[in-house]
file start.txt (compact mmCIF, C-alpha atoms)
# COMPACT_ATOMS: atom_id res chain seq x y z
CA MET N 1 -22.78 -12.48 -19.01
CA LEU N 2 -19.14 -11.35 -19.28
CA LYS N 3 -19.72 -8.67 -16.63
CA LEU N 4 -21.24 -11.27 -14.29
CA LYS N 5 -18.24 -13.57 -14.80
CA GLU N 6 -15.82 -10.69 -14.16
CA THR N 7 -17.70 -9.72 -10.98
CA ALA N 8 -17.65 -13.33 -9.78
CA ARG N 9 -13.90 -13.53 -10.47
CA LYS N 10 -13.21 -10.36 -8.48
CA ASN N 11 -15.37 -11.56 -5.59
CA ALA N 12 -13.50 -14.87 -5.55
CA GLN N 13 -10.21 -12.96 -5.62
CA LEU N 14 -11.28 -11.03 -2.51
CA LEU N 15 -12.04 -14.25 -0.65
CA PHE N 16 -8.45 -15.03 0.35
CA PRO N 17 -7.49 -11.60 1.79
CA LEU N 18 -10.78 -11.49 3.67
CA VAL N 19 -10.25 -15.01 5.05
CA SER N 20 -6.68 -14.08 6.06
CA LEU N 21 -7.89 -10.97 7.86
CA PHE N 22 -10.70 -12.95 9.51
CA ALA N 23 -8.20 -15.58 10.72
CA ILE N 24 -6.08 -12.88 12.37
CA VAL N 25 -9.23 -11.47 14.00
CA ILE N 26 -10.13 -14.89 15.43
CA ILE N 27 -6.61 -15.39 16.79
CA ASN N 28 -6.76 -12.02 18.52
CA LEU N 29 -10.14 -12.78 20.04
CA ILE N 30 -8.79 -16.05 21.43
CA VAL N 31 -5.56 -14.56 22.81
CA GLU N 32 -7.08 -11.34 24.12
CA PRO N 33 -10.92 -11.01 24.15
CA ASN N 34 -10.64 -7.23 24.61
CA PHE N 35 -8.28 -6.79 21.69
CA PHE N 36 -10.95 -5.06 19.60
CA SER N 37 -12.44 -2.87 22.29
CA LEU N 38 -12.66 0.88 21.58
CA GLU N 39 -12.71 3.77 24.01
CA LEU N 40 -12.70 7.53 24.05
CA ARG N 41 -9.80 9.12 25.89
CA VAL N 42 -8.13 12.48 26.21
CA ASN N 43 -4.68 12.54 24.58
CA ASN N 44 -1.64 14.51 25.70
CA VAL N 45 -2.75 17.69 23.92
CA GLY N 46 -6.24 17.65 25.41
CA ASN N 47 -8.23 16.24 22.46
CA THR N 48 -10.87 13.54 22.92
CA VAL N 49 -9.90 10.72 20.57
CA LEU N 50 -10.73 7.12 19.80
CA SER N 51 -8.19 4.55 20.94
CA GLY N 52 -7.80 0.81 20.75
CA ASN N 53 -6.06 -1.85 18.70
CA VAL N 54 -8.49 -1.50 15.78
CA ILE N 55 -7.77 2.22 15.55
CA SER N 56 -4.04 1.49 15.82
CA ILE N 57 -4.24 -0.98 12.91
CA LEU N 58 -6.20 1.42 10.72
CA ASP N 59 -4.01 4.36 11.69
CA ASN N 60 -0.58 2.76 11.28
CA GLY N 61 -1.71 0.83 8.21
CA SER N 62 -2.77 4.01 6.39
CA GLU N 63 0.59 4.60 4.69
CA LEU N 64 0.77 0.93 3.71
CA ALA N 65 -2.71 1.05 2.16
CA ILE N 66 -1.91 4.24 0.22
CA LEU N 67 1.31 2.75 -1.15
CA ALA N 68 -0.54 -0.48 -2.04
CA ILE N 69 -2.70 1.55 -4.44
CA GLY N 70 0.32 2.67 -6.45
CA MET N 71 2.11 -0.67 -6.19
CA THR N 72 -0.93 -2.49 -7.58
CA LEU N 73 -0.93 -0.35 -10.72
CA VAL N 74 2.85 -0.69 -11.15
CA THR N 75 2.67 -4.47 -10.74
CA ALA N 76 -0.26 -4.81 -13.14
CA ALA N 77 1.27 -2.61 -15.85
CA SER N 78 4.95 -3.63 -15.71
CA GLY N 79 4.83 -7.17 -14.34
CA GLY N 80 7.31 -6.18 -11.63
CA GLN N 81 7.53 -4.27 -8.37
CA ASP N 82 8.95 -0.95 -7.22
CA ILE N 83 11.35 -1.71 -4.36
CA SER N 84 12.36 1.94 -3.93
CA VAL N 85 9.24 3.25 -2.16
CA GLY N 86 10.90 3.28 1.28
CA ALA N 87 13.89 5.27 -0.01
CA ALA N 88 11.56 7.53 -1.99
CA ILE N 89 9.69 8.32 1.24
CA ALA N 90 13.01 9.53 2.68
CA ILE N 91 13.44 11.79 -0.36
CA ALA N 92 9.90 13.19 -0.20
CA GLY N 93 10.24 13.65 3.56
CA GLY N 94 13.50 15.53 3.05
CA VAL N 95 11.72 17.88 0.64
CA VAL N 96 9.00 18.58 3.22
CA LEU N 97 11.56 19.41 5.91
CA ARG N 98 13.68 21.56 3.59
CA VAL N 99 10.71 23.64 2.42
CA LEU N 100 9.32 24.14 5.92
CA CYS N 101 12.60 24.50 7.84
CA GLY N 102 14.97 25.95 5.27
CA ASN N 103 18.51 25.72 6.61
CA GLU N 104 17.44 25.77 10.26
CA ALA N 105 17.43 22.64 12.40
CA SER N 106 14.45 23.69 14.49
CA PRO N 107 12.82 26.91 13.28
CA ASP N 108 10.44 28.88 15.49
CA ILE N 109 8.20 29.64 12.50
CA LEU N 110 7.72 27.77 9.25
CA HIS N 111 9.54 29.14 6.20
CA ALA N 112 6.63 28.35 3.87
CA PRO N 113 2.95 27.32 4.00
CA ILE N 114 2.40 23.63 4.67
CA ILE N 115 0.59 23.17 1.35
CA TYR N 116 3.73 24.34 -0.51
CA ALA N 117 5.78 21.66 1.22
CA PHE N 118 3.26 18.98 0.29
CA LEU N 119 3.06 20.08 -3.35
CA ALA N 120 6.86 20.26 -3.60
CA SER N 121 7.20 16.73 -2.21
CA CYS N 122 4.57 15.51 -4.69
CA VAL N 123 6.46 17.03 -7.64
CA VAL N 124 9.82 15.58 -6.54
CA ALA N 125 8.41 12.12 -5.71
CA MET N 126 6.53 11.98 -9.01
CA LEU N 127 9.68 12.98 -10.90
CA PHE N 128 11.61 10.16 -9.25
CA GLY N 129 8.68 7.86 -10.05
CA ALA N 130 8.89 9.01 -13.68
CA PHE N 131 12.64 8.27 -13.60
CA ASN N 132 11.89 4.68 -12.60
CA GLY N 133 9.13 4.56 -15.22
CA VAL N 134 11.48 5.67 -17.99
CA LEU N 135 14.00 2.96 -17.10
CA VAL N 136 11.25 0.32 -17.18
CA SER N 137 9.12 1.47 -20.11
CA ILE N 138 11.67 2.98 -22.51
CA PHE N 139 14.92 1.21 -21.66
CA LYS N 140 13.12 -2.09 -20.91
CA ILE N 141 14.96 -2.68 -17.64
CA GLN N 142 13.36 -5.22 -15.31
CA PRO N 143 11.37 -3.23 -12.69
CA MET N 144 13.15 -4.60 -9.64
CA ILE N 145 16.57 -3.82 -11.15
CA ALA N 146 15.48 -0.38 -12.34
CA THR N 147 14.14 0.63 -8.93
CA LEU N 148 17.19 -0.87 -7.19
CA ILE N 149 19.08 2.30 -8.20
CA LEU N 150 16.82 4.51 -6.11
CA PHE N 151 16.55 1.86 -3.40
CA THR N 152 20.34 2.08 -2.97
CA SER N 153 20.79 5.84 -3.26
CA GLY N 154 17.45 7.29 -2.20
CA ARG N 155 18.15 7.76 1.52
CA SER N 156 21.40 9.56 0.78
CA ILE N 157 19.57 11.79 -1.69
CA GLY N 158 16.95 12.55 0.95
CA TYR N 159 19.66 13.47 3.47
CA TRP N 160 21.29 15.73 0.88
CA ILE N 161 17.97 17.43 0.05
CA GLY N 162 17.35 17.94 3.77
CA GLY N 163 20.53 19.98 3.97
CA GLY N 164 22.63 17.34 5.68
CA GLN N 165 20.77 17.69 8.96
CA ILE N 166 17.79 16.14 10.72
CA ALA N 167 15.45 19.08 11.15
CA LYS N 168 12.48 19.16 13.53
CA ILE N 169 9.19 20.99 13.05
CA SER N 170 7.61 22.41 16.17
CA GLU N 171 4.55 23.94 14.47
CA LYS N 172 1.44 22.50 16.16
CA GLN N 173 -0.77 22.54 13.07
CA PHE N 174 1.69 20.45 11.06
CA GLY N 175 1.16 17.58 13.51
CA TYR N 176 -2.54 17.41 12.65
CA PHE N 177 -1.84 15.46 9.44
CA GLY N 178 -0.15 12.59 11.26
CA GLY N 179 -2.18 12.87 14.46
CA PHE N 180 -5.60 14.29 15.23
CA ILE N 181 -7.47 17.36 14.07
CA PRO N 182 -9.00 19.07 17.13
CA GLY N 183 -12.62 18.00 17.46
CA VAL N 184 -12.20 14.94 15.23
CA PRO N 185 -11.77 11.70 17.25
CA VAL N 186 -10.49 9.66 14.28
CA PRO N 187 -6.77 9.84 13.38
CA THR N 188 -6.17 12.03 10.35
CA PRO N 189 -4.11 9.36 8.45
CA ILE N 190 -7.22 7.15 8.36
CA LEU N 191 -9.20 9.98 6.76
CA ILE N 192 -6.41 10.63 4.24
CA ALA N 193 -6.27 6.92 3.35
CA VAL N 194 -10.05 6.82 2.86
CA LEU N 195 -9.85 9.89 0.63
CA CYS N 196 -7.15 8.22 -1.50
CA MET N 197 -9.31 5.09 -1.79
CA ILE N 198 -12.30 7.14 -2.91
CA VAL N 199 -10.21 9.00 -5.50
CA ILE N 200 -8.71 5.82 -7.01
CA ALA N 201 -12.14 4.14 -7.00
CA LEU N 202 -13.60 7.05 -8.96
CA VAL N 203 -10.65 7.10 -11.35
CA LEU N 204 -10.96 3.37 -12.06
CA LYS N 205 -14.73 3.65 -12.47
CA PHE N 206 -14.94 6.68 -14.73
CA THR N 207 -11.73 6.32 -16.75
CA ASN N 208 -10.09 3.52 -18.71
CA LEU N 209 -6.95 3.50 -16.56
CA GLY N 210 -7.72 0.08 -15.07
CA LEU N 211 -8.59 -1.46 -18.44
CA TYR N 212 -5.51 -0.05 -20.18
CA THR N 213 -3.22 -1.04 -17.31
CA GLN N 214 -4.48 -4.63 -17.38
CA ALA N 215 -4.26 -4.79 -21.18
CA VAL N 216 -0.61 -3.70 -21.16
CA GLY N 217 0.22 -6.09 -18.31
CA ILE N 218 -1.44 -9.07 -19.97
CA ASN N 219 0.03 -8.63 -23.45
CA GLU N 220 2.00 -5.51 -24.33
CA LYS N 221 2.21 -6.32 -28.05
CA SER N 222 -1.53 -6.88 -28.37
CA ALA N 223 -2.20 -3.67 -26.44
CA ARG N 224 0.01 -1.75 -28.88
CA LEU N 225 -1.79 -3.29 -31.86
CA ASN N 226 -5.08 -2.14 -30.34
CA GLY N 227 -3.91 1.47 -30.26
CA LEU N 228 -2.58 1.70 -26.70
CA ASN N 229 0.76 3.21 -25.78
CA PRO N 230 2.43 0.81 -23.29
CA VAL N 231 5.21 3.30 -22.54
CA ARG N 232 2.70 5.95 -21.52
CA ILE N 233 0.66 3.53 -19.39
CA LYS N 234 3.72 2.23 -17.51
CA LEU N 235 5.07 5.73 -17.04
CA LEU N 236 1.71 6.85 -15.63
CA ALA N 237 1.68 3.94 -13.18
CA TYR N 238 5.10 4.93 -11.81
CA ILE N 239 4.07 8.59 -11.57
CA ILE N 240 0.99 7.54 -9.57
CA ILE N 241 3.08 5.51 -7.14
CA GLY N 242 5.29 8.59 -6.81
CA PHE N 243 2.26 10.59 -5.69
CA CYS N 244 1.34 7.82 -3.23
CA VAL N 245 4.89 7.98 -1.85
CA ALA N 246 4.57 11.74 -1.33
CA VAL N 247 1.30 11.32 0.62
CA ALA N 248 2.78 8.54 2.78
CA ALA N 249 5.94 10.60 3.40
CA PHE N 250 3.92 13.66 4.42
CA ILE N 251 2.00 11.57 6.96
CA LYS N 252 5.19 10.04 8.36
CA VAL N 253 6.96 13.38 8.76
CA SER N 254 3.85 14.82 10.42
CA ARG N 255 3.68 11.90 12.86
CA MET N 256 7.23 12.44 14.14
CA SER N 257 7.73 16.14 13.26
CA THR N 258 11.05 15.01 11.80
CA ILE N 259 12.57 12.16 9.82
CA ASN N 260 15.45 9.74 10.25
CA TYR N 261 16.67 9.19 6.70
CA SER N 262 18.44 5.92 7.44
CA SER N 263 15.49 4.17 9.09
CA VAL N 264 12.24 5.82 7.99
CA ALA N 265 9.90 3.40 6.21
CA GLN N 266 12.55 0.68 6.40
CA ASP N 267 11.37 -2.56 4.74
CA ILE N 268 7.99 -0.99 3.92
CA GLU N 269 8.44 -1.93 0.26
CA MET N 270 8.37 -5.61 1.22
CA ASP N 271 5.14 -5.14 3.17
CA VAL N 272 3.56 -3.30 0.23
CA ILE N 273 4.52 -6.04 -2.23
CA LEU N 274 3.15 -8.68 0.14
CA ALA N 275 -0.08 -6.68 0.49
CA VAL N 276 -0.50 -6.83 -3.29
CA ALA N 277 0.25 -10.58 -3.28
CA ILE N 278 -2.13 -11.34 -0.40
CA GLY N 279 -4.76 -9.31 -2.24
CA GLY N 280 -4.82 -12.06 -4.85
CA ASN N 281 -3.03 -10.08 -7.56
CA ALA N 282 -0.60 -11.78 -9.91
CA LEU N 283 2.90 -10.37 -9.35
CA GLY N 284 3.62 -11.06 -13.01
CA GLY N 285 1.20 -8.33 -14.08
CA GLY N 286 -2.18 -8.23 -15.77
CA LYS N 287 -5.52 -8.25 -14.03
CA PHE N 288 -5.68 -6.71 -10.58
CA ASN N 289 -8.09 -6.11 -7.73
CA MET N 290 -7.45 -2.81 -5.94
CA ALA N 291 -9.76 -3.67 -3.04
CA GLY N 292 -7.83 -6.89 -2.47
CA SER N 293 -4.53 -4.99 -2.22
CA ILE N 294 -5.97 -2.54 0.31
CA ILE N 295 -7.37 -5.38 2.42
CA GLY N 296 -3.99 -7.09 2.11
CA ALA N 297 -2.29 -3.94 3.45
CA TYR N 298 -4.45 -3.88 6.55
CA THR N 299 -3.98 -7.64 6.93
CA ILE N 300 -0.20 -7.11 7.06
CA GLN N 301 -0.60 -4.31 9.61
CA ALA N 302 -3.01 -6.40 11.70
CA LEU N 303 -0.48 -9.23 11.68
CA THR N 304 2.25 -6.86 12.87
CA VAL N 305 0.11 -5.50 15.73
CA THR N 306 -0.98 -9.04 16.66
CA LEU N 307 2.59 -10.30 16.90
CA TYR N 308 3.66 -7.34 19.03
CA ALA N 309 0.72 -8.00 21.37
CA MET N 310 1.52 -11.69 21.83
CA PRO N 311 3.44 -12.66 24.97
CA GLY N 312 6.86 -14.15 24.37
CA VAL N 313 7.34 -12.51 20.98
CA THR N 314 10.24 -10.08 21.25
CA SER N 315 10.94 -7.17 18.91
CA GLU N 316 14.10 -8.94 17.72
CA SER N 317 12.16 -12.04 16.63
CA ILE N 318 9.13 -10.22 15.20
CA ARG N 319 10.45 -10.36 11.62
CA PHE N 320 10.94 -14.13 11.78
CA TYR N 321 7.38 -14.82 12.96
CA LYS N 322 6.00 -12.32 10.48
CA ALA N 323 7.92 -13.91 7.62
CA LEU N 324 6.72 -17.37 8.68
CA VAL N 325 3.05 -16.35 8.65
CA ILE N 326 3.42 -14.48 5.36
CA ILE N 327 5.05 -17.50 3.70
CA ILE N 328 2.08 -19.61 4.74
CA LEU N 329 -0.40 -17.02 3.42
CA VAL N 330 1.40 -16.59 0.09
CA VAL N 331 1.80 -20.35 -0.47
CA ILE N 332 -1.88 -20.95 0.26
CA SER N 333 -2.83 -18.24 -2.24
CA SER N 334 -0.51 -19.60 -4.96
CA PRO N 335 -2.08 -20.89 -8.22
CA ALA N 336 -0.76 -24.44 -7.61
CA VAL N 337 -2.45 -24.72 -4.21
CA LYS N 338 -5.65 -23.10 -5.52
CA SER N 339 -5.77 -25.61 -8.39
CA ALA N 340 -5.20 -28.55 -6.02
CA LEU N 341 -7.96 -27.33 -3.69
CA GLU N 342 -10.37 -26.90 -6.61
CA LYS N 343 -9.69 -30.49 -7.76
CA LEU N 344 -10.15 -31.79 -4.22
CA TRP N 345 -13.42 -29.89 -3.89
CA ALA N 346 -14.63 -31.31 -7.22
CA LYS N 347 -13.89 -34.86 -6.01
CA LEU N 348 -15.56 -34.41 -2.65
CA PHE N 349 -18.58 -32.57 -4.01
CA PRO N 350 -19.06 -33.63 -7.64
CA LYS N 351 -21.63 -31.70 -9.63
CA LYS N 352 -24.79 -33.65 -10.28
CA SER N 353 -25.78 -33.95 -13.90
CA PRO N 354 -29.23 -32.57 -14.66
CA PRO N 355 -31.90 -35.25 -15.20
CA VAL N 356 -32.45 -36.21 -18.81
CA LYS N 357 -36.08 -35.91 -19.87
CA GLU N 358 -37.38 -38.83 -21.81
CA ALA N 359 -38.56 -37.99 -25.27
CA LEU N 360 -42.28 -38.25 -25.83
CA VAL N 361 -43.22 -41.00 -28.23
call {"tool": "encode", "arguments": {"input": "start.txt", "output": "structure tokens"}}
result
Amino acid sequence: MLKLKETARKNAQLLFPLVSLFAIVIINLIVEPNFFSLELRVNNVGNTVLSGNVISILDNGSELAILAIGMTLVTAASGGQDISVGAAIAIAGGVVLRVLCGNEASPDILHAPIIYAFLASCVVAMLFGAFNGVLVSIFKIQPMIATLILFTSGRSIGYWIGGGQIAKISEKQFGYFGGFIPGVPVPTPILIAVLCMIVIALVLKFTNLGLYTQAVGINEKSARLNGLNPVRIKLLAYIIIGFCVAVAAFIKVSRMSTINYSSVAQDIEMDVILAVAIGGNALGGGKFNMAGSIIGAYTIQALTVTLYAMPGVTSESIRFYKALVIIILVVISSPAVKSALEKLWAKLFPKKSPPVKEALV
């Protein structure tokens, strides 16, 4: 019975992000009936690939979805958010460029195998994630304040790691991770995002990470009395988001073959937090729905693509319209509005009492 109730709760939690995504789909169909059409085309390097707005949403939303996985765990465990993910991407990207380019601005050959660059960025990003986790779990600093340190200094650190220059990678194979693998029509970032989703789904299914994270987020003292180590759980959540940052950074550097430390992934932390909120997760910590956060990430990306496609919406005003729509979505999903809607539904459609059987005399 408890499992059925939990399943029903999670399904209800998914309702809002799905409705939000569906509403954006309907708007696109009204504005542009061919918005969701797909076609095969030959790109500039001669590969046959899928193209269309749907592919663009899934492709460009890949980094957002990957980061939403880590942000969901951080939010659930610590009751706060990591606002340093954009700056941490600059750091991890700087590591990738430094390992592959060395001190050269545009090397003819790579200085190390690509896998070494990825592993190095993972180690560095996870160490910075652990740094944030220590501030939150051991020193009890509020998550947003703790991660503000890296948010402020991270891009400068990335520039310093990159050797004080903006290097460019010309190796063709490196571009596969942010573009297309020859013979595969689907963008590689989509495949990487799907792989990350499968991994986290398996981890949550076959380990107690989800249960322990929720227990610490709901009541840290009770979790400790039940034998859990809240410090370890929070620290693990921040290390996981560090790994997610490294994956997102690797994709971004591969897309552009370089990185602009001052502007890469700018404001992405706000989109990730909103993805978690739209997914129906409480930003104060506790129970979470990973699928809702991922759907929320693609909802944010779909909203961005939709606004850019609308006539009369300029790039300068895109943030205003985006903020307006997001405010509406977040307010509708708030507990106060949900409670009011439930009461209204109960008044309009009251439950009928079951008929009382007369006792036999």
call {"tool": "closest_residue", "arguments": {"input": "start.txt", "among": "N:Ser263, N:Ile57, N:Ile278, N:Pro107", "to": "Ile328 in chain N", "atoms": "all atoms listed in the file"}}
result
N:Ile278
call {"tool": "closest_residue", "arguments": {"input": "start.txt", "among": "N:Asn281, N:Thr152, N:Asn260, N:Asn34", "to": "Ile295 in chain N", "atoms": "all atoms listed in the file"}}
result
N:Asn281
call {"tool": "atom_distance", "arguments": {"input": "start.txt", "atom1": "CA of Ile241 in chain N", "atom2": "CA of Trp160 in chain N"}}
result
22.4 Å
call {"tool": "atom_distance", "arguments": {"input": "start.txt", "atom1": "CA of Thr48 in chain N", "atom2": "CA of Pro182 in chain N"}}
result
8.2 Å
call {"tool": "residues_near_point", "arguments": {"input": "start.txt", "point": "(-14.1, 15.5, 18.8)", "cutoff": "9 Å", "atoms": "all atoms listed in the file", "output": "list in words"}}
result
Asn47, Thr48, Val49, Ile181, Pro182, Gly183, Val184, Pro185 and Val186 of chain N
call {"tool": "residues_around", "arguments": {"input": "start.txt", "residues": "Leu209 in chain N", "least_positions_apart": "3", "cutoff": "12 Å", "atoms": "only C-alpha atoms", "output": "PyMOL selection string"}}
result
chain N and resi 73-74+76-77+200-206+212-216+228+230+232-234+236-237+240+288
call {"tool": "write_last_selection", "arguments": {"input": "start.txt", "atoms": "C-alpha atoms", "output": "compact mmCIF listing (two decimals), in the frame of the given file"}}
result
# COMPACT_ATOMS: atom_id res chain seq x y z
CA LEU N 73 -0.93 -0.35 -10.72
CA VAL N 74 2.85 -0.69 -11.15
CA ALA N 76 -0.26 -4.81 -13.14
CA ALA N 77 1.27 -2.61 -15.85
CA ILE N 200 -8.71 5.82 -7.01
CA ALA N 201 -12.14 4.14 -7.00
CA LEU N 202 -13.60 7.05 -8.96
CA VAL N 203 -10.65 7.10 -11.35
CA LEU N 204 -10.96 3.37 -12.06
CA LYS N 205 -14.73 3.65 -12.47
CA PHE N 206 -14.94 6.68 -14.73
CA TYR N 212 -5.51 -0.05 -20.18
CA THR N 213 -3.22 -1.04 -17.31
CA GLN N 214 -4.48 -4.63 -17.38
CA ALA N 215 -4.26 -4.79 -21.18
CA VAL N 216 -0.61 -3.70 -21.16
CA LEU N 228 -2.58 1.70 -26.70
CA PRO N 230 2.43 0.81 -23.29
CA ARG N 232 2.70 5.95 -21.52
CA ILE N 233 0.66 3.53 -19.39
CA LYS N 234 3.72 2.23 -17.51
CA LEU N 236 1.71 6.85 -15.63
CA ALA N 237 1.68 3.94 -13.18
CA ILE N 240 0.99 7.54 -9.57
CA PHE N 288 -5.68 -6.71 -10.58
call {"tool": "closest_residue", "arguments": {"input": "start.txt", "among": "N:Val264, N:Leu329, N:Ala275, N:Val253", "to": "Gly175 in chain N", "atoms": "all atoms listed in the file"}}
result
N:Val253
call {"tool": "closest_residue", "arguments": {"input": "start.txt", "among": "N:Val325, N:Leu307, N:Ile83, N:Ile69", "to": "Gln142 in chain N", "atoms": "all atoms listed in the file"}}
result
N:Ile83
call {"tool": "closest_residue", "arguments": {"input": "start.txt", "among": "N:Ser334, N:Gln165, N:Ser137, N:Ser293", "to": "Cys101 in chain N", "atoms": "only C-alpha atoms"}}
result
N:Gln165
call {"tool": "decode", "arguments": {"input": "start.txt", "residues": "range 80-95 of chain N", "atoms": "N, CA and C atoms", "output": "CSV table (one decimal), in the first residue's frame"}}
result
chain,number,residue,atom,x,y,z
N,80,GLY,N,19.3,23.4,-0.3
N,80,GLY,CA,19.8,24.6,-1.0
N,80,GLY,C,20.3,24.3,-2.3
N,81,GLN,N,20.8,25.3,-3.0
N,81,GLN,CA,21.2,25.1,-4.4
N,81,GLN,C,22.7,25.5,-4.6
N,82,ASP,N,23.3,24.9,-5.6
N,82,ASP,CA,24.6,25.2,-6.0
N,82,ASP,C,24.6,26.2,-7.1
N,83,ILE,N,25.0,27.5,-6.9
N,83,ILE,CA,24.9,28.5,-7.9
N,83,ILE,C,26.3,28.7,-8.6
N,84,SER,N,27.2,27.7,-8.4
N,84,SER,CA,28.5,27.9,-9.0
N,84,SER,C,28.7,27.0,-10.2
N,85,VAL,N,27.7,26.3,-10.7
N,85,VAL,CA,27.9,25.3,-11.7
N,85,VAL,C,28.4,26.0,-13.0
N,86,GLY,N,27.9,27.2,-13.3
N,86,GLY,CA,28.4,27.9,-14.5
N,86,GLY,C,29.9,28.2,-14.5
N,87,ALA,N,30.3,28.7,-13.3
N,87,ALA,CA,31.7,29.0,-13.1
N,87,ALA,C,32.6,27.7,-13.1
N,88,ALA,N,32.0,26.7,-12.5
N,88,ALA,CA,32.7,25.4,-12.4
N,88,ALA,C,32.9,24.8,-13.8
N,89,ILE,N,31.9,25.1,-14.7
N,89,ILE,CA,32.1,24.6,-16.1
N,89,ILE,C,33.3,25.3,-16.7
N,90,ALA,N,33.5,26.6,-16.4
N,90,ALA,CA,34.7,27.3,-16.9
N,90,ALA,C,36.0,26.7,-16.4
N,91,ILE,N,35.9,26.3,-15.1
N,91,ILE,CA,37.1,25.6,-14.6
N,91,ILE,C,37.4,24.3,-15.3
N,92,ALA,N,36.4,23.5,-15.4
N,92,ALA,CA,36.5,22.1,-16.0
N,92,ALA,C,36.9,22.3,-17.4
N,93,GLY,N,36.3,23.3,-18.1
N,93,GLY,CA,36.7,23.5,-19.5
N,93,GLY,C,38.2,24.0,-19.6
N,94,GLY,N,38.6,24.8,-18.7
N,94,GLY,CA,40.0,25.2,-18.7
N,94,GLY,C,41.0,24.0,-18.5
N,95,VAL,N,40.6,23.1,-17.7
N,95,VAL,CA,41.4,21.9,-17.5
N,95,VAL,C,41.5,21.1,-18.8
